[in-house]
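> File follows, upload.txt with compact mmCIF, C-alpha atoms and all ligand atoms:
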# COMPACT_ATOMS: atom_id res chain seq x y z
CA MET P 1 22.91 148.60 172.92
CA TYR P 2 22.61 151.17 174.44
CA THR P 3 20.11 152.53 176.82
CA GLN P 4 21.45 154.81 179.43
CA ALA P 5 19.48 156.23 182.29
CA LEU P 6 19.69 159.95 181.69
CA ASN P 7 17.76 161.24 184.66
CA SER P 8 14.73 162.88 183.24
CA GLU P 9 11.63 161.63 184.94
CA THR P 10 8.32 162.02 183.17
CA VAL P 11 5.64 163.39 185.46
CA VAL P 12 2.71 161.01 185.67
CA SER P 13 -0.31 162.78 184.26
CA THR P 14 -3.32 163.07 186.54
CA ILE P 15 -5.62 163.38 183.56
CA ASP P 16 -5.40 159.65 182.98
CA ASP P 17 -8.43 157.92 184.29
CA GLU P 18 -7.68 156.32 187.63
CA GLN P 19 -9.61 153.17 186.92
CA LYS P 20 -7.73 152.58 183.70
CA MET P 21 -4.48 153.18 185.59
CA THR P 22 -5.33 150.52 188.15
CA ALA P 23 -6.27 148.02 185.45
CA PHE P 24 -3.08 148.83 183.57
CA GLN P 25 -0.88 148.31 186.64
CA ALA P 26 -2.68 145.02 187.32
CA ARG P 27 -1.81 143.83 183.82
CA ILE P 28 1.84 144.76 184.39
CA ASP P 29 1.86 142.97 187.74
CA ARG P 30 0.49 139.83 186.06
CA GLU P 31 3.47 140.06 183.66
CA GLU P 32 1.17 140.66 180.69
CA LYS P 33 2.75 142.37 177.72
CA ILE P 34 1.38 145.76 176.69
CA GLU P 35 0.83 146.01 172.93
CA PRO P 36 0.66 149.11 170.69
CA ASN P 37 -3.12 149.42 170.52
CA ASP P 38 -3.68 148.79 174.24
CA TRP P 39 -4.54 151.61 176.61
CA MET P 40 -1.46 152.94 178.43
CA PRO P 41 -0.77 155.95 180.65
CA ALA P 42 0.57 158.94 178.75
CA ALA P 43 3.71 158.93 180.91
CA TYR P 44 4.38 155.25 180.13
CA ARG P 45 4.17 156.04 176.42
CA LYS P 46 6.40 159.09 176.81
CA THR P 47 9.01 157.24 178.88
CA LEU P 48 9.14 154.44 176.32
CA ILE P 49 9.41 156.76 173.33
CA ARG P 50 12.31 158.54 175.01
CA GLN P 51 14.10 155.38 176.11
CA ILE P 52 13.63 153.39 172.90
CA SER P 53 14.59 156.27 170.65
CA GLN P 54 17.68 157.08 172.73
CA HIS P 55 18.57 153.42 172.48
CA ALA P 56 18.08 153.50 168.70
CA HIS P 57 20.15 156.66 168.31
CA SER P 58 22.94 155.02 170.34
CA GLU P 59 23.04 152.04 167.99
CA ILE P 60 23.25 154.32 164.98
CA VAL P 61 25.87 156.71 166.41
CA GLY P 62 27.67 153.65 167.79
CA MET P 63 28.58 152.63 164.25
CA LEU P 64 30.88 155.66 163.92
CA PRO P 65 33.73 154.90 166.37
CA GLU P 66 34.12 151.41 164.91
CA GLY P 67 33.59 152.58 161.35
CA ASN P 68 36.73 154.61 161.94
CA TRP P 69 38.77 151.37 161.71
CA VAL P 70 37.19 149.47 158.82
CA THR P 71 39.71 150.55 156.21
CA ARG P 72 42.63 149.93 158.57
CA ALA P 73 41.68 146.50 159.92
CA PRO P 74 44.87 144.39 160.00
CA SER P 75 43.45 141.37 158.16
CA LEU P 76 40.56 140.34 155.95
CA LYS P 77 39.13 138.24 158.79
CA ARG P 78 39.07 141.21 161.16
CA LYS P 79 37.66 143.49 158.50
CA ALA P 80 34.83 141.08 157.69
CA ALA P 81 34.00 140.69 161.40
CA LEU P 82 34.07 144.44 161.99
CA LEU P 83 31.86 145.15 158.98
CA ALA P 84 29.38 142.48 160.09
CA LYS P 85 29.28 143.91 163.61
CA ILE P 86 28.73 147.45 162.38
CA GLN P 87 25.97 146.24 160.09
CA ASP P 88 24.34 144.52 163.08
CA GLU P 89 24.43 147.77 165.04
CA GLY P 90 22.69 149.54 162.17
CA GLY P 91 20.09 146.76 162.23
CA HIS P 92 19.66 147.19 165.98
CA GLY P 93 18.97 150.86 165.45
CA LEU P 94 16.32 150.03 162.85
CA TYR P 95 14.58 147.37 165.00
CA LEU P 96 14.42 149.93 167.78
CA TYR P 97 13.14 152.82 165.67
CA CYS P 98 10.35 150.49 164.52
CA ALA P 99 9.51 149.64 168.13
CA ALA P 100 9.35 153.36 168.99
CA GLU P 101 7.15 154.03 165.96
CA THR P 102 4.50 151.66 167.29
CA LEU P 103 3.97 154.26 170.03
CA GLY P 104 2.84 156.89 167.54
CA VAL P 105 5.96 158.83 166.55
CA THR P 106 7.39 158.93 163.04
CA ARG P 107 10.89 157.84 162.09
CA GLU P 108 11.41 161.23 160.47
CA HIS P 109 10.61 163.00 163.73
CA LEU P 110 13.00 160.79 165.73
CA VAL P 111 15.85 161.26 163.26
CA ASP P 112 15.20 164.96 163.30
CA GLN P 113 15.54 165.02 167.09
CA LEU P 114 18.90 163.28 166.88
CA LEU P 115 20.27 165.54 164.16
CA SER P 116 19.06 168.73 165.82
CA GLY P 117 20.84 167.69 169.01
CA LYS P 118 17.60 167.48 171.02
CA ALA P 119 17.80 163.74 171.57
CA LYS P 120 20.50 162.06 173.60
CA TYR P 121 22.47 158.91 172.93
CA SER P 122 24.86 156.87 175.04
CA SER P 123 27.83 158.89 176.31
CA ILE P 124 30.29 156.11 175.43
CA PHE P 125 30.23 156.94 171.72
CA ASN P 126 31.61 160.40 172.33
CA TYR P 127 34.99 158.90 173.16
CA PRO P 128 37.49 158.42 170.33
CA THR P 129 38.82 155.06 169.11
CA LEU P 130 42.53 155.85 168.97
CA ASN P 131 44.23 152.54 168.25
CA TRP P 132 43.27 149.16 166.80
CA ALA P 133 42.94 147.65 170.28
CA ASP P 134 40.04 150.07 170.86
CA VAL P 135 38.02 147.98 168.41
CA GLY P 136 38.64 144.95 170.61
CA VAL P 137 37.93 146.83 173.83
CA VAL P 138 34.70 148.26 172.41
CA GLY P 139 33.54 144.72 171.65
CA TRP P 140 34.64 143.35 175.00
CA LEU P 141 33.63 146.17 177.38
CA VAL P 142 31.11 148.34 175.54
CA ASP P 143 29.14 145.47 174.04
CA GLY P 144 29.66 143.59 177.31
CA ALA P 145 28.02 146.43 179.23
CA ALA P 146 25.33 146.61 176.57
CA ILE P 147 24.54 142.92 177.02
CA MET P 148 24.13 143.37 180.80
CA ASN P 149 21.73 146.20 180.15
CA GLN P 150 19.80 144.59 177.35
CA ILE P 151 19.16 141.10 178.70
CA PRO P 152 16.63 142.30 181.32
CA LEU P 153 15.01 144.47 178.64
CA CYS P 154 13.98 141.28 176.82
CA ARG P 155 11.38 141.00 179.60
CA CYS P 156 10.27 144.63 179.35
CA SER P 157 6.51 145.09 179.71
CA TYR P 158 6.15 146.72 176.29
CA GLY P 159 5.85 143.92 173.72
CA PRO P 160 7.50 145.52 170.66
CA TYR P 161 10.50 146.70 172.73
CA ALA P 162 10.92 143.30 174.38
CA ARG P 163 10.77 141.52 171.03
CA ALA P 164 13.29 143.91 169.46
CA MET P 165 15.59 143.27 172.43
CA ILE P 166 15.40 139.50 172.00
CA ARG P 167 16.51 139.90 168.41
CA VAL P 168 19.32 142.28 169.45
CA CYS P 169 20.58 140.05 172.27
CA LYS P 170 20.89 137.09 169.93
CA GLU P 171 23.39 139.10 167.91
CA GLU P 172 25.39 140.69 170.73
CA SER P 173 27.34 137.65 171.82
CA PHE P 174 29.28 137.62 168.57
CA HIS P 175 30.13 141.29 169.10
CA GLN P 176 31.68 140.71 172.48
CA ARG P 177 33.49 137.52 171.53
CA GLN P 178 35.11 138.92 168.38
CA GLY P 179 36.41 141.84 170.44
CA TYR P 180 37.79 139.71 173.23
CA GLU P 181 39.39 137.26 170.79
CA LEU P 182 41.05 140.13 168.95
CA LEU P 183 42.54 141.31 172.25
CA LEU P 184 43.71 137.82 173.20
CA GLN P 185 45.57 137.66 169.92
CA MET P 186 47.19 141.06 170.46
CA MET P 187 48.27 140.00 173.96
CA LYS P 188 50.26 137.13 172.42
CA GLY P 189 52.20 139.65 170.33
CA SER P 190 54.99 142.16 170.91
CA GLU P 191 55.32 144.48 173.91
CA ASP P 192 54.03 147.31 171.72
CA LEU P 193 50.82 145.42 170.98
CA LYS P 194 50.30 144.61 174.67
CA GLU P 195 50.76 148.25 175.53
CA MET P 196 48.14 149.20 172.96
CA VAL P 197 45.64 146.86 174.61
CA GLN P 198 46.38 148.18 178.10
CA ASP P 199 46.13 151.75 176.85
CA ALA P 200 42.71 151.07 175.30
CA VAL P 201 41.48 149.40 178.50
CA ASN P 202 42.71 152.34 180.58
CA ARG P 203 40.76 154.79 178.46
CA MET P 204 37.57 152.75 178.04
CA TRP P 205 37.09 151.25 181.51
CA TRP P 206 35.47 154.20 183.29
CA PRO P 207 33.34 155.33 180.35
CA SER P 208 32.06 151.72 180.14
CA LEU P 209 30.99 151.82 183.80
CA MET P 210 29.21 155.11 183.11
CA MET P 211 27.10 153.39 180.45
CA PHE P 212 24.82 152.14 183.24
CA GLY P 213 23.90 155.70 184.16
CA PRO P 214 24.16 157.59 187.43
CA SER P 215 24.24 155.92 190.81
CA ASP P 216 20.86 154.92 192.25
CA GLY P 217 21.18 157.38 195.12
CA VAL P 218 21.54 160.21 192.63
CA SER P 219 19.18 158.93 189.96
CA GLU P 220 15.82 160.66 190.37
CA HIS P 221 13.75 158.29 188.36
CA SER P 222 13.82 154.50 188.01
CA SER P 223 10.80 154.25 190.30
CA ASN P 224 8.16 154.54 187.57
CA SER P 225 10.26 152.51 185.17
CA MET P 226 10.64 149.78 187.78
CA ARG P 227 6.95 149.83 188.70
CA TRP P 228 6.01 149.60 185.03
CA LYS P 229 8.58 146.85 184.48
CA ILE P 230 10.32 148.76 181.74
CA LYS P 231 13.37 148.37 183.94
CA ARG P 232 14.04 145.32 186.12
CA PHE P 233 17.32 146.21 187.84
CA THR P 234 18.77 149.44 189.14
CA ASN P 235 21.74 151.12 187.48
CA ASP P 236 24.03 150.08 190.34
CA ASP P 237 22.84 146.45 190.25
CA LEU P 238 23.66 146.19 186.58
CA ARG P 239 27.00 147.96 186.98
CA GLN P 240 27.94 145.53 189.74
CA LYS P 241 27.04 142.53 187.60
CA PHE P 242 29.20 143.94 184.83
CA VAL P 243 32.21 144.51 187.09
CA ASP P 244 31.89 141.00 188.57
CA ALA P 245 31.76 139.44 185.10
CA THR P 246 34.61 141.53 183.72
CA VAL P 247 37.30 141.31 186.40
CA PRO P 248 38.06 137.61 185.76
CA GLN P 249 38.06 138.23 182.00
CA ALA P 250 40.66 140.99 182.47
CA LYS P 251 42.82 138.56 184.40
CA ILE P 252 42.66 135.92 181.66
CA LEU P 253 43.50 138.58 179.12
CA GLY P 254 46.46 139.75 181.20
CA VAL P 255 45.49 143.41 181.57
CA THR P 256 44.89 145.49 184.67
CA LEU P 257 41.78 147.58 185.21
CA PRO P 258 42.60 151.21 186.04
CA ASP P 259 40.90 151.31 189.44
CA PRO P 260 43.07 151.24 192.59
CA ASP P 261 39.94 150.66 194.72
CA LEU P 262 39.00 147.45 192.95
CA VAL P 263 38.94 144.75 195.62
CA PHE P 264 37.08 141.49 196.16
CA ASP P 265 34.61 141.62 199.00
CA GLU P 266 34.39 138.20 200.67
CA VAL P 267 31.13 139.02 202.42
CA SER P 268 29.04 140.05 199.42
CA GLY P 269 30.99 138.01 196.87
CA ASN P 270 31.24 141.14 194.70
CA TRP P 271 34.12 143.19 193.39
CA LYS P 272 34.04 146.62 195.05
CA TYR P 273 35.00 149.39 192.67
CA GLY P 274 35.81 153.09 192.88
CA GLU P 275 33.53 155.98 192.07
CA PRO P 276 33.32 156.91 188.38
CA ASP P 277 33.92 160.59 187.60
CA TRP P 278 30.32 161.74 187.38
CA ALA P 279 31.35 165.30 186.55
CA GLU P 280 32.93 163.93 183.39
CA PHE P 281 29.77 161.94 182.66
CA LYS P 282 27.65 165.08 182.93
CA ARG P 283 30.03 167.00 180.70
CA VAL P 284 29.90 164.36 177.97
CA ILE P 285 26.10 164.06 178.15
CA ALA P 286 25.84 167.84 177.95
CA GLY P 287 27.72 167.76 174.64
CA HIS P 288 31.27 168.48 175.75
CA GLY P 289 32.92 165.11 175.21
CA VAL P 290 35.87 164.70 172.86
CA CYS P 291 33.78 163.58 169.88
CA ASN P 292 30.23 164.92 170.39
CA LYS P 293 30.53 167.52 167.63
CA GLN P 294 32.19 165.16 165.19
CA ARG P 295 29.60 162.42 165.74
CA LEU P 296 26.70 164.75 165.10
CA LYS P 297 28.42 166.28 162.11
CA ASP P 298 28.95 162.81 160.61
CA ARG P 299 25.31 161.82 161.16
CA ILE P 300 24.06 165.07 159.64
CA SER P 301 26.21 164.71 156.55
CA ALA P 302 25.17 161.06 156.11
CA HIS P 303 21.55 162.13 156.32
CA GLU P 304 21.94 165.06 153.95
CA ASN P 305 23.97 163.09 151.44
CA GLY P 306 21.25 160.45 151.37
CA ALA P 307 18.37 162.89 150.88
CA TRP P 308 18.38 162.65 147.09
CA VAL P 309 18.20 158.86 147.29
CA ARG P 310 15.11 158.93 149.53
CA GLU P 311 13.55 161.55 147.29
CA ALA P 312 14.27 159.66 144.08
CA ALA P 313 12.95 156.40 145.54
CA LEU P 314 9.63 158.02 146.47
CA VAL P 315 9.26 159.70 143.08
CA TYR P 316 10.04 156.41 141.34
CA ALA P 317 7.48 154.58 143.48
CA GLU P 318 4.84 157.18 142.54
CA LYS P 319 5.71 156.86 138.86
CA GLN P 320 5.43 153.08 138.96
CA LYS P 321 2.07 153.36 140.70
CA SER P 322 0.61 155.70 138.09
CA ARG P 323 1.99 153.53 135.27
CA MET P 324 0.30 150.49 136.78
CA ALA P 325 -2.95 152.43 137.07
CA GLN P 326 -2.67 153.52 133.43
CA SER P 327 -2.03 150.07 132.06
CA ALA P 328 -4.91 148.70 134.13
CA ALA P 329 -7.29 151.31 132.72
CA MET M 1 12.66 170.92 156.48
CA THR M 2 9.68 168.60 155.94
CA GLU M 3 10.56 165.44 154.14
CA ASN M 4 8.06 163.14 152.52
CA ILE M 5 7.32 160.23 154.79
CA THR M 6 8.69 156.89 153.60
CA PRO M 7 6.03 154.19 154.09
CA ILE M 8 6.32 151.43 156.70
CA TRP M 9 6.13 147.75 155.76
CA GLU M 10 5.59 144.71 157.96
CA VAL M 11 7.99 141.84 157.38
CA PHE M 12 7.06 138.15 157.58
CA ILE M 13 9.65 135.37 157.43
CA ARG M 14 9.31 131.66 156.82
CA ALA M 15 12.07 130.08 158.85
CA ARG M 16 12.01 126.69 157.17
CA ASN M 17 10.32 125.05 154.27
CA GLY M 18 6.95 123.74 155.47
CA ASN M 19 6.52 126.39 158.18
CA ALA M 20 4.12 129.33 158.06
CA HIS M 21 5.42 132.88 157.64
CA ARG M 22 5.77 134.69 160.96
CA HIS M 23 5.83 138.38 161.70
CA ALA M 24 9.42 139.56 162.27
CA GLY M 25 9.18 143.35 162.47
CA SER M 26 8.91 146.30 160.17
CA ILE M 27 11.01 148.47 157.87
CA HIS M 28 10.72 151.66 155.85
CA ALA M 29 10.86 151.64 152.06
CA ALA M 30 9.51 153.61 149.12
CA ASP M 31 8.18 150.57 147.23
CA ALA M 32 7.75 146.80 147.46
CA GLU M 33 11.00 146.02 145.68
CA MET M 34 13.06 148.17 148.04
CA ALA M 35 11.05 146.85 150.99
CA MET M 36 12.05 143.33 150.03
CA GLN M 37 15.71 144.34 149.77
CA ALA M 38 15.64 146.12 153.13
CA ALA M 39 13.83 143.20 154.80
CA ARG M 40 16.52 140.85 153.54
CA ASP M 41 19.32 143.08 154.89
CA ILE M 42 17.71 143.74 158.25
CA TYR M 43 15.99 140.48 159.16
CA THR M 44 17.88 137.65 157.44
CA ARG M 45 21.58 138.26 158.04
CA ARG M 46 21.97 134.88 159.75
CA GLU M 47 19.84 132.48 157.74
CA GLU M 48 16.68 133.37 159.66
CA GLY M 49 14.54 132.26 156.75
CA ASN M 50 14.12 131.18 153.15
CA SER M 51 11.07 133.20 152.21
CA LEU M 52 9.91 136.78 152.86
CA TRP M 53 6.62 138.65 152.66
CA VAL M 54 6.40 142.42 152.90
CA VAL M 55 3.04 144.13 153.41
CA ARG M 56 2.29 147.84 153.66
CA SER M 57 1.51 148.45 157.34
CA SER M 58 -1.38 150.68 156.36
CA ASP M 59 -3.00 147.71 154.59
CA ILE M 60 -3.26 145.71 157.81
CA HIS M 61 -6.54 145.94 159.68
CA ALA M 62 -6.16 144.95 163.31
CA SER M 63 -8.88 144.01 165.76
CA ASP M 64 -9.51 146.63 168.43
CA PRO M 65 -8.28 145.56 171.89
CA GLY M 66 -11.37 147.31 173.29
CA ASP M 67 -13.53 144.82 171.38
CA GLY M 68 -11.55 141.88 172.75
CA GLY M 69 -14.42 140.74 174.97
CA MET M 70 -17.03 140.87 172.24
CA MET M 71 -14.76 139.22 169.71
CA PHE M 72 -13.18 136.38 171.63
CA ASP M 73 -15.00 135.71 174.90
CA PRO M 74 -17.93 133.85 173.30
CA ALA M 75 -15.49 131.03 172.51
CA ALA M 76 -14.62 130.58 176.19
CA ASP M 77 -17.85 128.82 177.23
CA LYS M 78 -18.09 126.54 174.22
CA ILE M 79 -16.17 123.68 175.69
CA TYR M 80 -18.21 121.23 173.59
CA ARG M 81 -16.01 122.33 170.67
CA HIS M 82 -13.11 120.45 172.23
CA PRO M 83 -12.59 116.67 172.05
CA THR M 84 -12.08 116.35 175.83
CA PHE M 85 -15.73 117.38 176.39
CA TYR M 86 -16.86 113.93 175.25
CA GLU M 87 -16.34 111.03 177.64
CA LEU M 88 -15.74 107.65 176.18
CA PRO M 89 -15.09 104.27 177.88
CA GLU M 90 -11.43 103.37 178.46
CA ASP M 91 -11.50 100.36 176.18
CA VAL M 92 -12.26 102.51 173.14
CA GLY M 93 -8.60 103.54 173.36
CA ASN M 94 -7.26 106.51 171.41
CA MET M 95 -9.85 108.41 169.46
FE FE O 401 23.82 146.85 169.31
FE FE O 402 26.72 145.28 169.71
Take the structure in the file and write it out as structure tokens.


Amino acid sequence: MYTQALNSETVVSTIDDEQKMTAFQARIDREEKIEPNDWMPAAYRKTLIRQISQHAHSEIVGMLPEGNWVTRAPSLKRKAALLAKIQDEGGHGLYLYCAAETLGVTREHLVDQLLSGKAKYSSIFNYPTLNWADVGVVGWLVDGAAIMNQIPLCRCSYGPYARAMIRVCKEESFHQRQGYELLLQMMKGSEDLKEMVQDAVNRMWWPSLMMFGPSDGVSEHSSNSMRWKIKRFTNDDLRQKFVDATVPQAKILGVTLPDPDLVFDEVSGNWKYGEPDWAEFKRVIAGHGVCNKQRLKDRISAHENGAWVREAALVYAEKQKSRMAQSAA
Amino acid sequence: MTENITPIWEVFIRARNGNAHRHAGSIHAADAEMAMQAARDIYTRREEGNSLWVVRSSDIHASDPGDGGMMFDPAADKIYRHPTFYELPEDVGNM
């Protein structure tokens, strides 16, 4: 995943020619896809660059909490699955960076924004993965929430983003299923194992709900994103869908969800849930979560340790090119 | 810190023998050999294809959407280029 509405509306520029704006909106309303070379309002471009790059950063940072468990996976099967999932997430990040680049920003600039702390990524990855069950719960809840968010993005009005999302969604189902299966297996084990699962669920439930972003009443934007069909559902709609899908799964698994207000509403057919702690959400987004500093530190050192490889590859490519030119002469 | 920009490549995959290559996405790599390796890792983790092309993005020349009318509209009123334009008696059967 992981796009998260972060409440920073882009002001629609008045410089953009009104006629072009009308024609653009008409294309969106006809469900036409907007492609990189097409005319688009500056604010549409800016909103997309921000959303797609935040999404890409989230995929990349999202590899870290799970990477924490690769060397301690309890079996070869689980280790292979975890490695494959983490590799997928890296791939998701790369598909998304490419989609953002079609809007006229460089990869180098986007990576720079992440490493300098200017760009945001999903708050969920600033929580620690403390026990092996966290790996399962991340797959079940975090990827589950990601799927809810990403499926409507497959119909996003911007072609390259929509196509990247289709590719991503095809791979997500495995992520969620391997996590849920891992938990099912733990729940058949000793009391200790069951407690580990419940503990992981208790810690991850609320942060997973926060992945959908602030409540619609509070969220300033959405309106442009909805009008431009970047977004198709509100944060609360998606959160509700997620809760409704997850409650029965928790029951099958045999765990409780840590929300005393969770109750089935006969009238709407939805599960009513309590209010997430939005103060905590704001704190984590602002950089004060448990792992924010560690995550950024890890990304920076990965980037710096890889610098010589990128440099050497470019020098080698240049050398090959001049050799080819010489032998052709 | 300004780093040298690593070039972008477009990736094309042939899903099955007998099919044409289709555009899959893009990747960054210093040269063609590394581009091929990266394309394999990023776009074919689940048997998505059996053949890959990588092309420097800067080598692709795209038609300008602004010229769309001039380029493609003239084909719209040339219905005589399609078989259904020609009416034949029923008893001729499939032709
Ligand atoms: Fe992902
Ligand atoms: Fe995933």

> What does the list of residues within 7 Å of ligand FE 402 (chain O) look like if you count only C-alpha atoms and all ligand atoms, written as a ChimeraX atom specification?

/P:1,85,89,143,172,175

> Using CA of Ala29 (chain M) and CA of Ala100 (chain P) as the two end points, give the distance in Å to one decimal.

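CA of Ala29 (chain M) sits 17.1 Å away from CA of Ala100 (chain P).
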
> Where does region 25-83 of chain M meet region 144-168 of chain P within 12 Å, residue by residue, with the nearest atom pair and distance in Å to one decimal for each, counting all atoms listed in the file, listed by chain and rising number, as a Markdown table?


| residue | atom | partner | partner_atom | distance |
| --- | --- | --- | --- | --- |
| M:Gly25 | CA | P:Ala164 | CA | 8.1 |
| M:Ser26 | CA | P:Ala164 | CA | 10.5 |
| M:Ile42 | CA | P:Arg167 | CA | 10.9 |
| M:Tyr43 | CA | P:Arg167 | CA | 9.3 |
| M:Thr44 | CA | P:Arg167 | CA | 11.3 |
| M:Arg45 | CA | P:Arg167 | CA | 11.7 |
| M:Arg46 | CA | P:Arg167 | CA | 11.4 |
| M:Glu48 | CA | P:Arg167 | CA | 10.9 |

> Please report, as CSV, each residue of chain P lying at most 6 Å from chain M, together with the nearest pair of atoms and the separation in Å rounded to one decimal; use all atoms listed in the file, and order rows by chain and ascending residue number.


residue,atom,partner,partner_atom,distance
P:Gly91,CA,M:Ile42,CA,5.5
P:Ala313,CA,M:Ala30,CA,5.7
P:Leu314,CA,M:Ala30,CA,5.1
P:Ala317,CA,M:Asp31,CA,5.5

> Within 8 Å of region 178-187 of chain P, counting all atoms listed in the file, which residues qualify if same-chain residues fewer than 3 places away don't, as a compact mmCIF listing (two decimals) with C-alpha atoms, in the frame of the given file?


# COMPACT_ATOMS: atom_id res chain seq x y z
CA ALA P 81 34.00 140.69 161.40
CA ALA P 133 42.94 147.65 170.28
CA VAL P 135 38.02 147.98 168.41
CA GLY P 136 38.64 144.95 170.61
CA VAL P 137 37.93 146.83 173.83
CA VAL P 138 34.70 148.26 172.41
CA GLY P 139 33.54 144.72 171.65
CA TRP P 140 34.64 143.35 175.00
CA PHE P 174 29.28 137.62 168.57
CA HIS P 175 30.13 141.29 169.10
CA SER P 190 54.99 142.16 170.91
CA LEU P 193 50.82 145.42 170.98
CA LYS P 194 50.30 144.61 174.67
CA VAL P 197 45.64 146.86 174.61
CA LEU P 253 43.50 138.58 179.12
CA GLY P 254 46.46 139.75 181.20

> From the set M:Trp9, M:Ala39, M:Asn94, M:Phe72, which residue has the shortest atom-to-atom contact distance to Ser51 (chain M), counting only C-alpha atoms?

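Between M:Trp9, M:Ala39, M:Asn94, M:Phe72, the residue approaching Ser51 (chain M) most closely is M:Ala39.
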
> Could you add N, CA, C and O atoms to region 248-261 of chain P and give me the result as a compact mmCIF listing (two decimals), keeping the file's coordinate frame?


# COMPACT_ATOMS: atom_id res chain seq x y z
N PRO P 248 37.35 138.85 186.14
CA PRO P 248 38.06 137.61 185.76
C PRO P 248 38.50 137.58 184.30
O PRO P 248 39.54 137.02 183.96
N GLN P 249 37.70 138.20 183.43
CA GLN P 249 38.06 138.23 182.00
C GLN P 249 39.33 139.06 181.80
O GLN P 249 40.18 138.72 180.97
N ALA P 250 39.47 140.14 182.57
CA ALA P 250 40.66 140.99 182.47
C ALA P 250 41.90 140.19 182.88
O ALA P 250 42.97 140.32 182.29
N LYS P 251 41.71 139.37 183.89
CA LYS P 251 42.82 138.56 184.40
C LYS P 251 43.29 137.56 183.34
O LYS P 251 44.48 137.43 183.06
N ILE P 252 42.33 136.88 182.71
CA ILE P 252 42.66 135.92 181.66
C ILE P 252 43.37 136.62 180.51
O ILE P 252 44.34 136.12 179.94
N LEU P 253 42.91 137.81 180.21
CA LEU P 253 43.50 138.58 179.12
C LEU P 253 44.90 139.06 179.47
O LEU P 253 45.76 139.21 178.60
N GLY P 254 45.14 139.29 180.77
CA GLY P 254 46.46 139.75 181.20
C GLY P 254 46.57 141.27 181.23
O GLY P 254 47.66 141.81 181.06
N VAL P 255 45.45 141.95 181.43
CA VAL P 255 45.49 143.41 181.57
C VAL P 255 45.02 143.78 182.97
O VAL P 255 44.38 143.00 183.65
N THR P 256 45.39 144.99 183.40
CA THR P 256 44.89 145.49 184.67
C THR P 256 43.78 146.50 184.39
O THR P 256 43.77 147.16 183.35
N LEU P 257 42.85 146.60 185.34
CA LEU P 257 41.78 147.58 185.21
C LEU P 257 42.20 148.81 186.01
O LEU P 257 42.71 148.68 187.13
N PRO P 258 42.02 149.99 185.45
CA PRO P 258 42.60 151.21 186.04
C PRO P 258 41.79 151.73 187.24
O PRO P 258 41.33 152.87 187.24
N ASP P 259 41.64 150.90 188.26
CA ASP P 259 40.90 151.31 189.44
C ASP P 259 41.62 150.80 190.69
O ASP P 259 41.54 149.61 191.00
N PRO P 260 42.31 151.68 191.41
CA PRO P 260 43.07 151.24 192.59
C PRO P 260 42.15 150.73 193.71
O PRO P 260 42.60 150.00 194.60
N ASP P 261 40.87 151.07 193.66
CA ASP P 261 39.94 150.66 194.72
C ASP P 261 39.29 149.31 194.44
O ASP P 261 38.46 148.85 195.22
